[in-house]
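Peer 1: Please find one structure pasted underneath; my questions will follow.
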Amino acid sequence: MVLVGGAFNAGQNEHVCLMAGLNRLWDKPYRSVWERGRDGGGASPGSVGVFVLIEASYHANERGARVYGYIDQICSGREGPQSPDCCIRALAGGLAPGPLHVISGASGIEPQTSEEKNFLDELSTAGLDLAVRSHANVLGWSKDVHFLAGLALAAIAAHRRAFYDPFEQSGYEQPAGGDAQRFLVTATGQWRGAGAALVNSLELTSGH
């Protein structure tokens with residue numbers, strides 16, 4: 001049993017100044033992360049705190065805990081400035097066709113956001129029926145905590161077996177119908193720290 005989490009305070013002036021100095025701060029009127037690329041991109045920081053309890057399934061069952069979902073696979077990488085889709089490609093490439101619900105870590109920072117969107121579009125043409133949500137659209141981008149927030153959102157959706165309504169109004173995030181059982185959580189980052197995880201519902205992994 002491991003408790004994993006942290007917090008990010010978007011109001012720290014030093015962080016805002018650093019992002020502005022790196023030209024990675026979105027300082028224009030609100031726009032979906034998927035729409036910011038044409039104006040250079042940028043992230044809107046958000047204050048987020050989240051903790052996730054990761055536990056062996058047999059241990060959780062023995063103590064009668066509520067199991068929200070299973071992390072089926074997880075991948076981390078991108079120690080340098082290579083493409084952020086390396087982990088997404090490693091996990092999603094072998095998935096069977098069918099619905100896949102994506103909790104995207106896209107922040108609005110370019111070119112990483114466009115690169116992830118392009119790869120997700122590729123998956124949509126390869127037999128996977130994608131529904132995408134970027135939680136930066138509603139929570140802001142929480143840097144190191146952002147991936148954990150995505151995992152928590154995926155676990156809640158897996159427990160409910162229902163996906164969230166679109167987080168933005170650009171038309172890229174479409175309503176999702178039917179049973180939600182498979183979730184891809186991505187962590188695009190801004191330069192380093194990319195990752196991805198596959199989260200399954202309890203019913204989909206009932207044989208574990």
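By order in the structure tokens, chains are A, B, ...; within a chain, residues start at 1; ligands start at 1, following the order shown.
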Sorted by chain and rising residue number, list the residues of region 54-148 of chain A at most 8 Å from region 164-172 of chain A (counting only C-alpha atoms), each with its closest atom pair and distance in Å to one decimal, as JSON lines.

Peer 2:
{"residue": "A:Val132", "atom": "CA", "partner": "A:Tyr172", "partner_atom": "CA", "distance": 7.9}
{"residue": "A:Arg133", "atom": "CA", "partner": "A:Phe167", "partner_atom": "CA", "distance": 6.2}
{"residue": "A:Ser134", "atom": "CA", "partner": "A:Phe167", "partner_atom": "CA", "distance": 6.9}
{"residue": "A:His135", "atom": "CA", "partner": "A:Phe167", "partner_atom": "CA", "distance": 7.0}
{"residue": "A:Asn137", "atom": "CA", "partner": "A:Phe167", "partner_atom": "CA", "distance": 6.0}
{"residue": "A:Val138", "atom": "CA", "partner": "A:Phe167", "partner_atom": "CA", "distance": 6.3}

Peer 1: Quick one: everything within 6 Å of Asp129 (chain A), counting only C-alpha atoms, minus sequence neighbours fewer than 4 positions away in the same chain. Send it as a PyMOL selection string.

Peer 2: chain A and resi 98-100+124

Peer 1: Could those selected residues go to a file with N, CA, C and O atoms, as a PDB file, in the first residue's frame?

Peer 2:
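The result, stored in again_20.pdb:
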ATOM      1  N   GLY A  98     -11.732  -0.414 -30.057  1.00  0.00           N
ATOM      2  CA  GLY A  98     -12.878  -0.172 -29.197  1.00  0.00           C
ATOM      3  C   GLY A  98     -12.756   1.157 -28.479  1.00  0.00           C
ATOM      4  O   GLY A  98     -11.824   1.925 -28.724  1.00  0.00           O
ATOM      5  N   PRO A  99     -13.693   1.452 -27.584  1.00  0.00           N
ATOM      6  CA  PRO A  99     -13.674   2.736 -26.886  1.00  0.00           C
ATOM      7  C   PRO A  99     -12.433   2.893 -26.000  1.00  0.00           C
ATOM      8  O   PRO A  99     -12.011   1.952 -25.322  1.00  0.00           O
ATOM      9  N   LEU A 100     -11.859   4.088 -26.019  1.00  0.00           N
ATOM     10  CA  LEU A 100     -10.740   4.430 -25.148  1.00  0.00           C
ATOM     11  C   LEU A 100     -10.962   5.858 -24.680  1.00  0.00           C
ATOM     12  O   LEU A 100     -11.096   6.773 -25.487  1.00  0.00           O
ATOM     13  N   SER A 124      -7.207   7.545 -33.367  1.00  0.00           N
ATOM     14  CA  SER A 124      -8.613   7.552 -33.764  1.00  0.00           C
ATOM     15  C   SER A 124      -8.823   6.921 -35.124  1.00  0.00           C
ATOM     16  O   SER A 124      -9.922   6.432 -35.428  1.00  0.00           O
TER      17      SER A 124
END

Peer 1: Can you tell me how far CA of Gln73 (chain A) sits from CA of Leu139 (chain A), in Å to one decimal?

Peer 2: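 CA of Leu139 (chain A) lies 25.0 Å from CA of Gln73 (chain A).
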
Peer 1: Skipping near chain neighbours, those fewer than 3 positions away, what residues fall within 12 Å of Gly93 (chain A) using only C-alpha atoms, listed as a compact mmCIF listing (two decimals) with N, CA and C atoms, in the first residue's frame?

Peer 2:
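selection39.txt was written with the following content:
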# COMPACT_ATOMS: atom_id res chain seq x y z
N ASP A 85 5.12 11.79 -27.25
CA ASP A 85 4.21 10.67 -27.45
C ASP A 85 4.88 9.32 -27.26
N CYS A 86 6.16 9.28 -26.81
CA CYS A 86 6.88 8.02 -26.70
C CYS A 86 6.16 7.05 -25.77
N CYS A 87 5.72 7.52 -24.60
CA CYS A 87 5.04 6.65 -23.65
C CYS A 87 3.63 6.32 -24.10
N ILE A 88 2.94 7.30 -24.68
CA ILE A 88 1.59 7.04 -25.18
C ILE A 88 1.64 5.97 -26.26
N ARG A 89 2.62 6.08 -27.15
CA ARG A 89 2.76 5.11 -28.23
C ARG A 89 3.06 3.72 -27.68
N ALA A 90 3.88 3.66 -26.63
CA ALA A 90 4.26 2.36 -26.06
C ALA A 90 3.06 1.66 -25.44
N ALA A 96 -6.49 -3.30 -28.08
CA ALA A 96 -7.51 -3.82 -28.99
C ALA A 96 -8.45 -2.69 -29.40
N PRO A 97 -9.02 -2.77 -30.61
CA PRO A 97 -9.97 -1.73 -31.04
C PRO A 97 -11.13 -1.60 -30.07
N PHE A 119 -0.96 12.73 -32.29
CA PHE A 119 -0.86 11.30 -32.06
C PHE A 119 -2.21 10.71 -31.66
N LEU A 120 -2.97 11.43 -30.84
CA LEU A 120 -4.30 10.95 -30.48
C LEU A 120 -5.19 10.85 -31.72
N GLU A 122 -4.12 10.11 -34.64
CA GLU A 122 -3.67 8.88 -35.31
C GLU A 122 -4.36 7.66 -34.71
N LEU A 123 -4.47 7.62 -33.38
CA LEU A 123 -5.13 6.50 -32.73
C LEU A 123 -6.58 6.40 -33.14
N SER A 124 -7.21 7.54 -33.37
CA SER A 124 -8.61 7.55 -33.76
C SER A 124 -8.82 6.92 -35.12
N ALA A 126 -7.00 4.38 -36.13
CA ALA A 126 -6.42 3.04 -36.07
C ALA A 126 -7.33 2.07 -35.32
N GLY A 127 -8.62 2.33 -35.31
CA GLY A 127 -9.58 1.41 -34.72
C GLY A 127 -9.96 1.71 -33.29
N LEU A 128 -9.38 2.74 -32.69
CA LEU A 128 -9.75 3.11 -31.32
C LEU A 128 -10.75 4.26 -31.36
N LEU A 184 -6.86 6.02 -20.77
CA LEU A 184 -5.46 6.35 -21.00
C LEU A 184 -5.20 7.71 -20.37
N LEU A 198 -2.39 3.22 -18.24
CA LEU A 198 -3.67 2.63 -18.62
C LEU A 198 -4.40 2.25 -17.35

Peer 1: DSSP on the backbone: what in chain A comes out strand (DSSP E or B), as an MDAnalysis selection string?

Peer 2: chainID A and resid 2:8 25 43 45 48:54 70:77 98:104 128:134 141 182:187 194:200

Peer 1: Within 12 Å of region 143-148 of chain A, counting only C-alpha atoms, which residues show up once you throw out same-chain ones fewer than 4 positions away? Write them as a PDB file with N, CA, C and O atoms, in the first residue's frame, please.

Peer 2:
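What ended up in selection.pdb:
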ATOM      1  N   LEU A   3       0.791   5.567  -0.539  1.00  0.00           N
ATOM      2  CA  LEU A   3       0.071   6.815  -0.731  1.00  0.00           C
ATOM      3  C   LEU A   3       0.972   7.757  -1.526  1.00  0.00           C
ATOM      4  O   LEU A   3       2.075   8.084  -1.094  1.00  0.00           O
ATOM      5  N   VAL A   4       0.492   8.165  -2.700  1.00  0.00           N
ATOM      6  CA  VAL A   4       1.285   9.003  -3.601  1.00  0.00           C
ATOM      7  C   VAL A   4       0.532  10.294  -3.851  1.00  0.00           C
ATOM      8  O   VAL A   4      -0.665  10.272  -4.159  1.00  0.00           O
ATOM      9  N   GLY A   5       1.201  11.420  -3.708  1.00  0.00           N
ATOM     10  CA  GLY A   5       0.506  12.670  -3.971  1.00  0.00           C
ATOM     11  C   GLY A   5       1.369  13.887  -3.746  1.00  0.00           C
ATOM     12  O   GLY A   5       2.581  13.796  -3.535  1.00  0.00           O
ATOM     13  N   GLY A   6       0.734  15.023  -3.799  1.00  0.00           N
ATOM     14  CA  GLY A   6       1.443  16.279  -3.631  1.00  0.00           C
ATOM     15  C   GLY A   6       0.499  17.430  -3.898  1.00  0.00           C
ATOM     16  O   GLY A   6      -0.707  17.255  -4.046  1.00  0.00           O
ATOM     17  N   ALA A   7       1.068  18.621  -3.969  1.00  0.00           N
ATOM     18  CA  ALA A   7       0.262  19.814  -4.204  1.00  0.00           C
ATOM     19  C   ALA A   7       1.079  20.830  -4.982  1.00  0.00           C
ATOM     20  O   ALA A   7       2.316  20.813  -4.949  1.00  0.00           O
ATOM     21  N   PHE A   8       0.366  21.683  -5.694  1.00  0.00           N
ATOM     22  CA  PHE A   8       1.004  22.742  -6.458  1.00  0.00           C
ATOM     23  C   PHE A   8       0.238  24.037  -6.225  1.00  0.00           C
ATOM     24  O   PHE A   8      -0.991  24.067  -6.344  1.00  0.00           O
ATOM     25  N   ASN A   9       0.962  25.091  -5.894  1.00  0.00           N
ATOM     26  CA  ASN A   9       0.366  26.396  -5.623  1.00  0.00           C
ATOM     27  C   ASN A   9       0.625  27.311  -6.813  1.00  0.00           C
ATOM     28  O   ASN A   9       1.748  27.784  -7.020  1.00  0.00           O
ATOM     29  N   ALA A  10      -0.417  27.566  -7.576  1.00  0.00           N
ATOM     30  CA  ALA A  10      -0.270  28.371  -8.793  1.00  0.00           C
ATOM     31  C   ALA A  10      -0.030  29.841  -8.493  1.00  0.00           C
ATOM     32  O   ALA A  10       0.352  30.604  -9.380  1.00  0.00           O
ATOM     33  N   HIS A  15       7.071  31.056  -9.654  1.00  0.00           N
ATOM     34  CA  HIS A  15       6.718  30.109 -10.709  1.00  0.00           C
ATOM     35  C   HIS A  15       6.096  30.828 -11.902  1.00  0.00           C
ATOM     36  O   HIS A  15       6.420  30.535 -13.051  1.00  0.00           O
ATOM     37  N   VAL A  16       5.207  31.775 -11.623  1.00  0.00           N
ATOM     38  CA  VAL A  16       4.581  32.540 -12.700  1.00  0.00           C
ATOM     39  C   VAL A  16       5.639  33.305 -13.491  1.00  0.00           C
ATOM     40  O   VAL A  16       5.623  33.334 -14.733  1.00  0.00           O
ATOM     41  N   MET A  19       7.645  30.842 -15.718  1.00  0.00           N
ATOM     42  CA  MET A  19       6.903  30.429 -16.911  1.00  0.00           C
ATOM     43  C   MET A  19       6.830  31.562 -17.922  1.00  0.00           C
ATOM     44  O   MET A  19       6.963  31.341 -19.130  1.00  0.00           O
ATOM     45  N   ALA A  43       0.506  27.700 -20.859  1.00  0.00           N
ATOM     46  CA  ALA A  43      -0.272  27.044 -19.811  1.00  0.00           C
ATOM     47  C   ALA A  43      -0.866  28.062 -18.858  1.00  0.00           C
ATOM     48  O   ALA A  43      -0.270  29.106 -18.592  1.00  0.00           O
ATOM     49  N   SER A  44      -2.045  27.746 -18.332  1.00  0.00           N
ATOM     50  CA  SER A  44      -2.675  28.516 -17.256  1.00  0.00           C
ATOM     51  C   SER A  44      -2.522  27.707 -15.977  1.00  0.00           C
ATOM     52  O   SER A  44      -3.184  26.675 -15.820  1.00  0.00           O
ATOM     53  N   PRO A  45      -1.647  28.109 -15.066  1.00  0.00           N
ATOM     54  CA  PRO A  45      -1.416  27.316 -13.853  1.00  0.00           C
ATOM     55  C   PRO A  45      -2.670  27.224 -12.996  1.00  0.00           C
ATOM     56  O   PRO A  45      -3.491  28.151 -12.961  1.00  0.00           O
ATOM     57  N   GLY A  46      -2.814  26.103 -12.299  1.00  0.00           N
ATOM     58  CA  GLY A  46      -3.933  25.909 -11.386  1.00  0.00           C
ATOM     59  C   GLY A  46      -3.452  25.286 -10.093  1.00  0.00           C
ATOM     60  O   GLY A  46      -2.567  24.424 -10.101  1.00  0.00           O
ATOM     61  N   SER A  47      -4.007  25.713  -8.979  1.00  0.00           N
ATOM     62  CA  SER A  47      -3.639  25.160  -7.673  1.00  0.00           C
ATOM     63  C   SER A  47      -4.386  23.840  -7.464  1.00  0.00           C
ATOM     64  O   SER A  47      -5.624  23.811  -7.456  1.00  0.00           O
ATOM     65  N   VAL A  48      -3.644  22.766  -7.292  1.00  0.00           N
ATOM     66  CA  VAL A  48      -4.224  21.431  -7.183  1.00  0.00           C
ATOM     67  C   VAL A  48      -3.479  20.648  -6.108  1.00  0.00           C
ATOM     68  O   VAL A  48      -2.250  20.720  -6.021  1.00  0.00           O
ATOM     69  N   GLY A  49      -4.219  19.912  -5.303  1.00  0.00           N
ATOM     70  CA  GLY A  49      -3.638  18.959  -4.369  1.00  0.00           C
ATOM     71  C   GLY A  49      -4.342  17.634  -4.523  1.00  0.00           C
ATOM     72  O   GLY A  49      -5.575  17.585  -4.611  1.00  0.00           O
ATOM     73  N   VAL A  50      -3.608  16.546  -4.597  1.00  0.00           N
ATOM     74  CA  VAL A  50      -4.229  15.239  -4.820  1.00  0.00           C
ATOM     75  C   VAL A  50      -3.351  14.134  -4.234  1.00  0.00           C
ATOM     76  O   VAL A  50      -2.120  14.232  -4.254  1.00  0.00           O
ATOM     77  N   PHE A  51      -4.008  13.119  -3.681  1.00  0.00           N
ATOM     78  CA  PHE A  51      -3.313  11.917  -3.225  1.00  0.00           C
ATOM     79  C   PHE A  51      -4.050  10.699  -3.765  1.00  0.00           C
ATOM     80  O   PHE A  51      -5.283  10.669  -3.783  1.00  0.00           O
ATOM     81  N   VAL A  52      -3.280   9.718  -4.200  1.00  0.00           N
ATOM     82  CA  VAL A  52      -3.826   8.488  -4.752  1.00  0.00           C
ATOM     83  C   VAL A  52      -3.295   7.323  -3.919  1.00  0.00           C
ATOM     84  O   VAL A  52      -2.089   7.242  -3.653  1.00  0.00           O
ATOM     85  N   LEU A  53      -4.193   6.433  -3.487  1.00  0.00           N
ATOM     86  CA  LEU A  53      -3.787   5.233  -2.761  1.00  0.00           C
ATOM     87  C   LEU A  53      -3.610   4.101  -3.764  1.00  0.00           C
ATOM     88  O   LEU A  53      -4.569   3.693  -4.423  1.00  0.00           O
ATOM     89  N   ILE A  54      -2.376   3.621  -3.878  1.00  0.00           N
ATOM     90  CA  ILE A  54      -2.053   2.518  -4.789  1.00  0.00           C
ATOM     91  C   ILE A  54      -1.789   1.282  -3.927  1.00  0.00           C
ATOM     92  O   ILE A  54      -0.916   1.299  -3.053  1.00  0.00           O
ATOM     93  N   ILE A  74       1.927   1.241 -16.834  1.00  0.00           N
ATOM     94  CA  ILE A  74       2.385   2.615 -16.631  1.00  0.00           C
ATOM     95  C   ILE A  74       3.764   2.769 -17.255  1.00  0.00           C
ATOM     96  O   ILE A  74       4.542   1.812 -17.315  1.00  0.00           O
ATOM     97  N   CYS A  75       4.034   3.944 -17.780  1.00  0.00           N
ATOM     98  CA  CYS A  75       5.285   4.183 -18.489  1.00  0.00           C
ATOM     99  C   CYS A  75       5.740   5.601 -18.200  1.00  0.00           C
ATOM    100  O   CYS A  75       4.935   6.532 -18.146  1.00  0.00           O
ATOM    101  N   SER A  76       7.033   5.795 -17.998  1.00  0.00           N
ATOM    102  CA  SER A  76       7.594   7.134 -17.836  1.00  0.00           C
ATOM    103  C   SER A  76       8.815   7.259 -18.723  1.00  0.00           C
ATOM    104  O   SER A  76       9.457   6.267 -19.069  1.00  0.00           O
ATOM    105  N   ILE A 103      -7.718  10.825 -20.493  1.00  0.00           N
ATOM    106  CA  ILE A 103      -7.526  11.966 -19.593  1.00  0.00           C
ATOM    107  C   ILE A 103      -6.166  12.548 -19.956  1.00  0.00           C
ATOM    108  O   ILE A 103      -5.120  12.023 -19.583  1.00  0.00           O
ATOM    109  N   SER A 104      -6.181  13.611 -20.721  1.00  0.00           N
ATOM    110  CA  SER A 104      -4.952  14.147 -21.300  1.00  0.00           C
ATOM    111  C   SER A 104      -4.287  15.152 -20.373  1.00  0.00           C
ATOM    112  O   SER A 104      -4.940  16.035 -19.811  1.00  0.00           O
ATOM    113  N   GLY A 105      -2.967  15.031 -20.259  1.00  0.00           N
ATOM    114  CA  GLY A 105      -2.183  15.989 -19.496  1.00  0.00           C
ATOM    115  C   GLY A 105      -1.747  17.186 -20.307  1.00  0.00           C
ATOM    116  O   GLY A 105      -0.922  17.972 -19.844  1.00  0.00           O
ATOM    117  N   ALA A 106      -2.295  17.345 -21.510  1.00  0.00           N
ATOM    118  CA  ALA A 106      -1.920  18.476 -22.363  1.00  0.00           C
ATOM    119  C   ALA A 106      -2.152  19.787 -21.619  1.00  0.00           C
ATOM    120  O   ALA A 106      -3.206  20.006 -21.026  1.00  0.00           O
ATOM    121  N   SER A 107      -1.164  20.666 -21.673  1.00  0.00           N
ATOM    122  CA  SER A 107      -1.193  21.899 -20.886  1.00  0.00           C
ATOM    123  C   SER A 107      -1.495  23.141 -21.707  1.00  0.00           C
ATOM    124  O   SER A 107      -1.802  24.197 -21.150  1.00  0.00           O
ATOM    125  N   ILE A 109       0.977  24.218 -23.690  1.00  0.00           N
ATOM    126  CA  ILE A 109       2.338  24.572 -24.086  1.00  0.00           C
ATOM    127  C   ILE A 109       2.651  23.908 -25.426  1.00  0.00           C
ATOM    128  O   ILE A 109       2.296  22.754 -25.668  1.00  0.00           O
ATOM    129  N   SER A 134      -8.998  17.117 -21.536  1.00  0.00           N
ATOM    130  CA  SER A 134      -7.806  17.713 -20.916  1.00  0.00           C
ATOM    131  C   SER A 134      -8.241  18.410 -19.642  1.00  0.00           C
ATOM    132  O   SER A 134      -8.948  19.419 -19.688  1.00  0.00           O
ATOM    133  N   HIS A 135      -7.806  17.893 -18.485  1.00  0.00           N
ATOM    134  CA  HIS A 135      -8.251  18.491 -17.227  1.00  0.00           C
ATOM    135  C   HIS A 135      -7.587  19.832 -16.957  1.00  0.00           C
ATOM    136  O   HIS A 135      -8.013  20.557 -16.054  1.00  0.00           O
ATOM    137  N   ALA A 136      -6.585  20.216 -17.756  1.00  0.00           N
ATOM    138  CA  ALA A 136      -6.047  21.575 -17.639  1.00  0.00           C
ATOM    139  C   ALA A 136      -7.097  22.608 -18.028  1.00  0.00           C
ATOM    140  O   ALA A 136      -6.994  23.773 -17.625  1.00  0.00           O
ATOM    141  N   ASN A 137      -8.102  22.193 -18.777  1.00  0.00           N
ATOM    142  CA  ASN A 137      -9.167  23.119 -19.174  1.00  0.00           C
ATOM    143  C   ASN A 137     -10.057  23.515 -18.001  1.00  0.00           C
ATOM    144  O   ASN A 137     -10.705  24.566 -18.051  1.00  0.00           O
ATOM    145  N   VAL A 138     -10.108  22.691 -16.962  1.00  0.00           N
ATOM    146  CA  VAL A 138     -10.983  22.999 -15.835  1.00  0.00           C
ATOM    147  C   VAL A 138     -10.229  23.192 -14.523  1.00  0.00           C
ATOM    148  O   VAL A 138     -10.702  23.914 -13.639  1.00  0.00           O
ATOM    149  N   LEU A 139      -9.070  22.552 -14.383  1.00  0.00           N
ATOM    150  CA  LEU A 139      -8.288  22.668 -13.150  1.00  0.00           C
ATOM    151  C   LEU A 139      -7.088  23.578 -13.296  1.00  0.00           C
ATOM    152  O   LEU A 139      -6.490  23.971 -12.290  1.00  0.00           O
ATOM    153  N   ALA A 152      -6.369  10.241 -10.667  1.00  0.00           N
ATOM    154  CA  ALA A 152      -7.521  10.286  -9.763  1.00  0.00           C
ATOM    155  C   ALA A 152      -8.822  10.425 -10.549  1.00  0.00           C
ATOM    156  O   ALA A 152      -9.819   9.743 -10.258  1.00  0.00           O
ATOM    157  N   LEU A 153      -8.830  11.283 -11.555  1.00  0.00           N
ATOM    158  CA  LEU A 153     -10.032  11.448 -12.378  1.00  0.00           C
ATOM    159  C   LEU A 153     -10.370  10.163 -13.125  1.00  0.00           C
ATOM    160  O   LEU A 153     -11.546   9.796 -13.258  1.00  0.00           O
ATOM    161  N   ALA A 154      -9.340   9.468 -13.623  1.00  0.00           N
ATOM    162  CA  ALA A 154      -9.577   8.206 -14.323  1.00  0.00           C
ATOM    163  C   ALA A 154     -10.136   7.154 -13.370  1.00  0.00           C
ATOM    164  O   ALA A 154     -11.043   6.391 -13.725  1.00  0.00           O
ATOM    165  N   ALA A 155      -9.611   7.103 -12.151  1.00  0.00           N
ATOM    166  CA  ALA A 155     -10.086   6.115 -11.179  1.00  0.00           C
ATOM    167  C   ALA A 155     -11.548   6.359 -10.819  1.00  0.00           C
ATOM    168  O   ALA A 155     -12.345   5.412 -10.712  1.00  0.00           O
ATOM    169  N   LEU A 184      -6.865   6.016 -20.771  1.00  0.00           N
ATOM    170  CA  LEU A 184      -5.464   6.347 -20.996  1.00  0.00           C
ATOM    171  C   LEU A 184      -5.202   7.707 -20.367  1.00  0.00           C
ATOM    172  O   LEU A 184      -5.852   8.693 -20.716  1.00  0.00           O
ATOM    173  N   VAL A 185      -4.285   7.758 -19.412  1.00  0.00           N
ATOM    174  CA  VAL A 185      -3.917   9.007 -18.733  1.00  0.00           C
ATOM    175  C   VAL A 185      -2.541   9.413 -19.232  1.00  0.00           C
ATOM    176  O   VAL A 185      -1.607   8.609 -19.214  1.00  0.00           O
ATOM    177  N   THR A 186      -2.411  10.643 -19.692  1.00  0.00           N
ATOM    178  CA  THR A 186      -1.130  11.098 -20.228  1.00  0.00           C
ATOM    179  C   THR A 186      -0.563  12.241 -19.388  1.00  0.00           C
ATOM    180  O   THR A 186      -1.290  12.974 -18.736  1.00  0.00           O
ATOM    181  N   ALA A 187       0.762  12.338 -19.422  1.00  0.00           N
ATOM    182  CA  ALA A 187       1.476  13.447 -18.761  1.00  0.00           C
ATOM    183  C   ALA A 187       2.459  14.010 -19.774  1.00  0.00           C
ATOM    184  O   ALA A 187       3.560  13.505 -19.934  1.00  0.00           O
ATOM    185  N   THR A 188       2.015  15.029 -20.483  1.00  0.00           N
ATOM    186  CA  THR A 188       2.839  15.589 -21.544  1.00  0.00           C
ATOM    187  C   THR A 188       3.999  16.392 -20.989  1.00  0.00           C
ATOM    188  O   THR A 188       5.112  16.350 -21.495  1.00  0.00           O
ATOM    189  N   GLY A 189       3.780  17.127 -19.914  1.00  0.00           N
ATOM    190  CA  GLY A 189       4.838  17.972 -19.381  1.00  0.00           C
ATOM    191  C   GLY A 189       5.130  19.151 -20.286  1.00  0.00           C
ATOM    192  O   GLY A 189       4.384  19.452 -21.214  1.00  0.00           O
ATOM    193  N   GLN A 190       6.218  19.845 -20.009  1.00  0.00           N
ATOM    194  CA  GLN A 190       6.597  20.979 -20.849  1.00  0.00           C
ATOM    195  C   GLN A 190       7.941  20.748 -21.518  1.00  0.00           C
ATOM    196  O   GLN A 190       8.246  21.332 -22.533  1.00  0.00           O
ATOM    197  N   TRP A 191       8.765  19.880 -20.948  1.00  0.00           N
ATOM    198  CA  TRP A 191      10.036  19.523 -21.578  1.00  0.00           C
ATOM    199  C   TRP A 191      10.453  18.133 -21.136  1.00  0.00           C
ATOM    200  O   TRP A 191      10.741  17.265 -21.912  1.00  0.00           O
ATOM    201  N   ARG A 192      10.452  17.888 -19.833  1.00  0.00           N
ATOM    202  CA  ARG A 192      10.735  16.571 -19.275  1.00  0.00           C
ATOM    203  C   ARG A 192       9.487  16.044 -18.565  1.00  0.00           C
ATOM    204  O   ARG A 192       8.474  16.713 -18.474  1.00  0.00           O
ATOM    205  N   GLY A 193       9.594  14.836 -18.030  1.00  0.00           N
ATOM    206  CA  GLY A 193       8.537  14.317 -17.173  1.00  0.00           C
ATOM    207  C   GLY A 193       7.326  13.772 -17.885  1.00  0.00           C
ATOM    208  O   GLY A 193       6.237  13.772 -17.316  1.00  0.00           O
ATOM    209  N   ALA A 194       7.467  13.303 -19.112  1.00  0.00           N
ATOM    210  CA  ALA A 194       6.320  12.719 -19.810  1.00  0.00           C
ATOM    211  C   ALA A 194       6.036  11.325 -19.271  1.00  0.00           C
ATOM    212  O   ALA A 194       6.907  10.635 -18.756  1.00  0.00           O
ATOM    213  N   GLY A 195       4.798  10.909 -19.383  1.00  0.00           N
ATOM    214  CA  GLY A 195       4.424   9.576 -18.948  1.00  0.00           C
ATOM    215  C   GLY A 195       3.019   9.241 -19.405  1.00  0.00           C
ATOM    216  O   GLY A 195       2.327  10.074 -19.992  1.00  0.00           O
ATOM    217  N   ALA A 196       2.603   8.023 -19.127  1.00  0.00           N
ATOM    218  CA  ALA A 196       1.256   7.587 -19.480  1.00  0.00           C
ATOM    219  C   ALA A 196       0.907   6.375 -18.635  1.00  0.00           C
ATOM    220  O   ALA A 196       1.788   5.655 -18.153  1.00  0.00           O
ATOM    221  N   ALA A 197      -0.380   6.166 -18.445  1.00  0.00           N
ATOM    222  CA  ALA A 197      -0.858   4.995 -17.706  1.00  0.00           C
ATOM    223  C   ALA A 197      -2.169   4.529 -18.304  1.00  0.00           C
ATOM    224  O   ALA A 197      -2.951   5.340 -18.810  1.00  0.00           O
TER     225      ALA A 197
END

Peer 1: For Ala131 (chain A), please output as number ranges by chain all residues within 7 Å (counting only C-alpha atoms; exclusion window: fewer than 6 positions along the same chain).

Peer 2: A: 100-102, 173-174, 176

Peer 1: So that I have them on file, write out the residues from the current selection with all heavy atoms, as an mmCIF file, in the first residue's frame.

Peer 2:
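And here's part-v3.cif as it stands now:
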data_model
loop_
_atom_site.group_PDB
_atom_site.id
_atom_site.type_symbol
_atom_site.label_atom_id
_atom_site.label_comp_id
_atom_site.auth_asym_id
_atom_site.auth_seq_id
_atom_site.Cartn_x
_atom_site.Cartn_y
_atom_site.Cartn_z
ATOM 1 N N LEU A 100 -11.859 4.088 -26.019
ATOM 2 C CA LEU A 100 -10.740 4.430 -25.148
ATOM 3 C C LEU A 100 -10.962 5.858 -24.680
ATOM 4 O O LEU A 100 -11.096 6.773 -25.487
ATOM 5 C CB LEU A 100 -9.408 4.321 -25.895
ATOM 6 C CG LEU A 100 -8.156 4.682 -25.084
ATOM 7 C CD1 LEU A 100 -7.963 3.701 -23.924
ATOM 8 C CD2 LEU A 100 -6.912 4.693 -25.978
ATOM 9 N N HIS A 101 -11.000 6.047 -23.381
ATOM 10 C CA HIS A 101 -11.279 7.349 -22.788
ATOM 11 C C HIS A 101 -9.963 7.951 -22.303
ATOM 12 O O HIS A 101 -9.258 7.336 -21.500
ATOM 13 C CB HIS A 101 -12.286 7.204 -21.649
ATOM 14 C CG HIS A 101 -13.579 6.603 -22.091
ATOM 15 N ND1 HIS A 101 -13.738 5.241 -22.276
ATOM 16 C CD2 HIS A 101 -14.760 7.172 -22.421
ATOM 17 C CE1 HIS A 101 -14.977 5.004 -22.690
ATOM 18 N NE2 HIS A 101 -15.618 6.159 -22.785
ATOM 19 N N VAL A 102 -9.647 9.128 -22.796
ATOM 20 C CA VAL A 102 -8.332 9.733 -22.566
ATOM 21 C C VAL A 102 -8.458 10.904 -21.599
ATOM 22 O O VAL A 102 -9.225 11.844 -21.842
ATOM 23 C CB VAL A 102 -7.700 10.221 -23.891
ATOM 24 C CG1 VAL A 102 -6.321 10.838 -23.626
ATOM 25 C CG2 VAL A 102 -7.584 9.065 -24.881
ATOM 26 N N GLU A 173 -13.290 18.083 -27.896
ATOM 27 C CA GLU A 173 -13.716 17.119 -26.887
ATOM 28 C C GLU A 173 -15.193 16.817 -27.096
ATOM 29 O O GLU A 173 -16.055 17.645 -26.825
ATOM 30 C CB GLU A 173 -13.446 17.668 -25.484
ATOM 31 C CG GLU A 173 -11.960 17.904 -25.216
ATOM 32 C CD GLU A 173 -11.678 18.288 -23.771
ATOM 33 O OE1 GLU A 173 -12.633 18.320 -22.955
ATOM 34 O OE2 GLU A 173 -10.501 18.558 -23.459
ATOM 35 N N GLN A 174 -15.467 15.623 -27.609
ATOM 36 C CA GLN A 174 -16.821 15.219 -27.950
ATOM 37 C C GLN A 174 -17.459 14.404 -26.829
ATOM 38 O O GLN A 174 -16.754 13.750 -26.048
ATOM 39 C CB GLN A 174 -16.801 14.388 -29.237
ATOM 40 C CG GLN A 174 -16.425 15.169 -30.483
ATOM 41 C CD GLN A 174 -17.502 16.169 -30.862
ATOM 42 O OE1 GLN A 174 -18.697 15.852 -30.875
ATOM 43 N NE2 GLN A 174 -17.086 17.388 -31.170
ATOM 44 N N ALA A 176 -19.084 11.410 -24.834
ATOM 45 C CA ALA A 176 -18.768 9.981 -24.891
ATOM 46 C C ALA A 176 -20.005 9.201 -24.488
ATOM 47 O O ALA A 176 -20.624 9.488 -23.464
ATOM 48 C CB ALA A 176 -17.617 9.653 -23.956
#
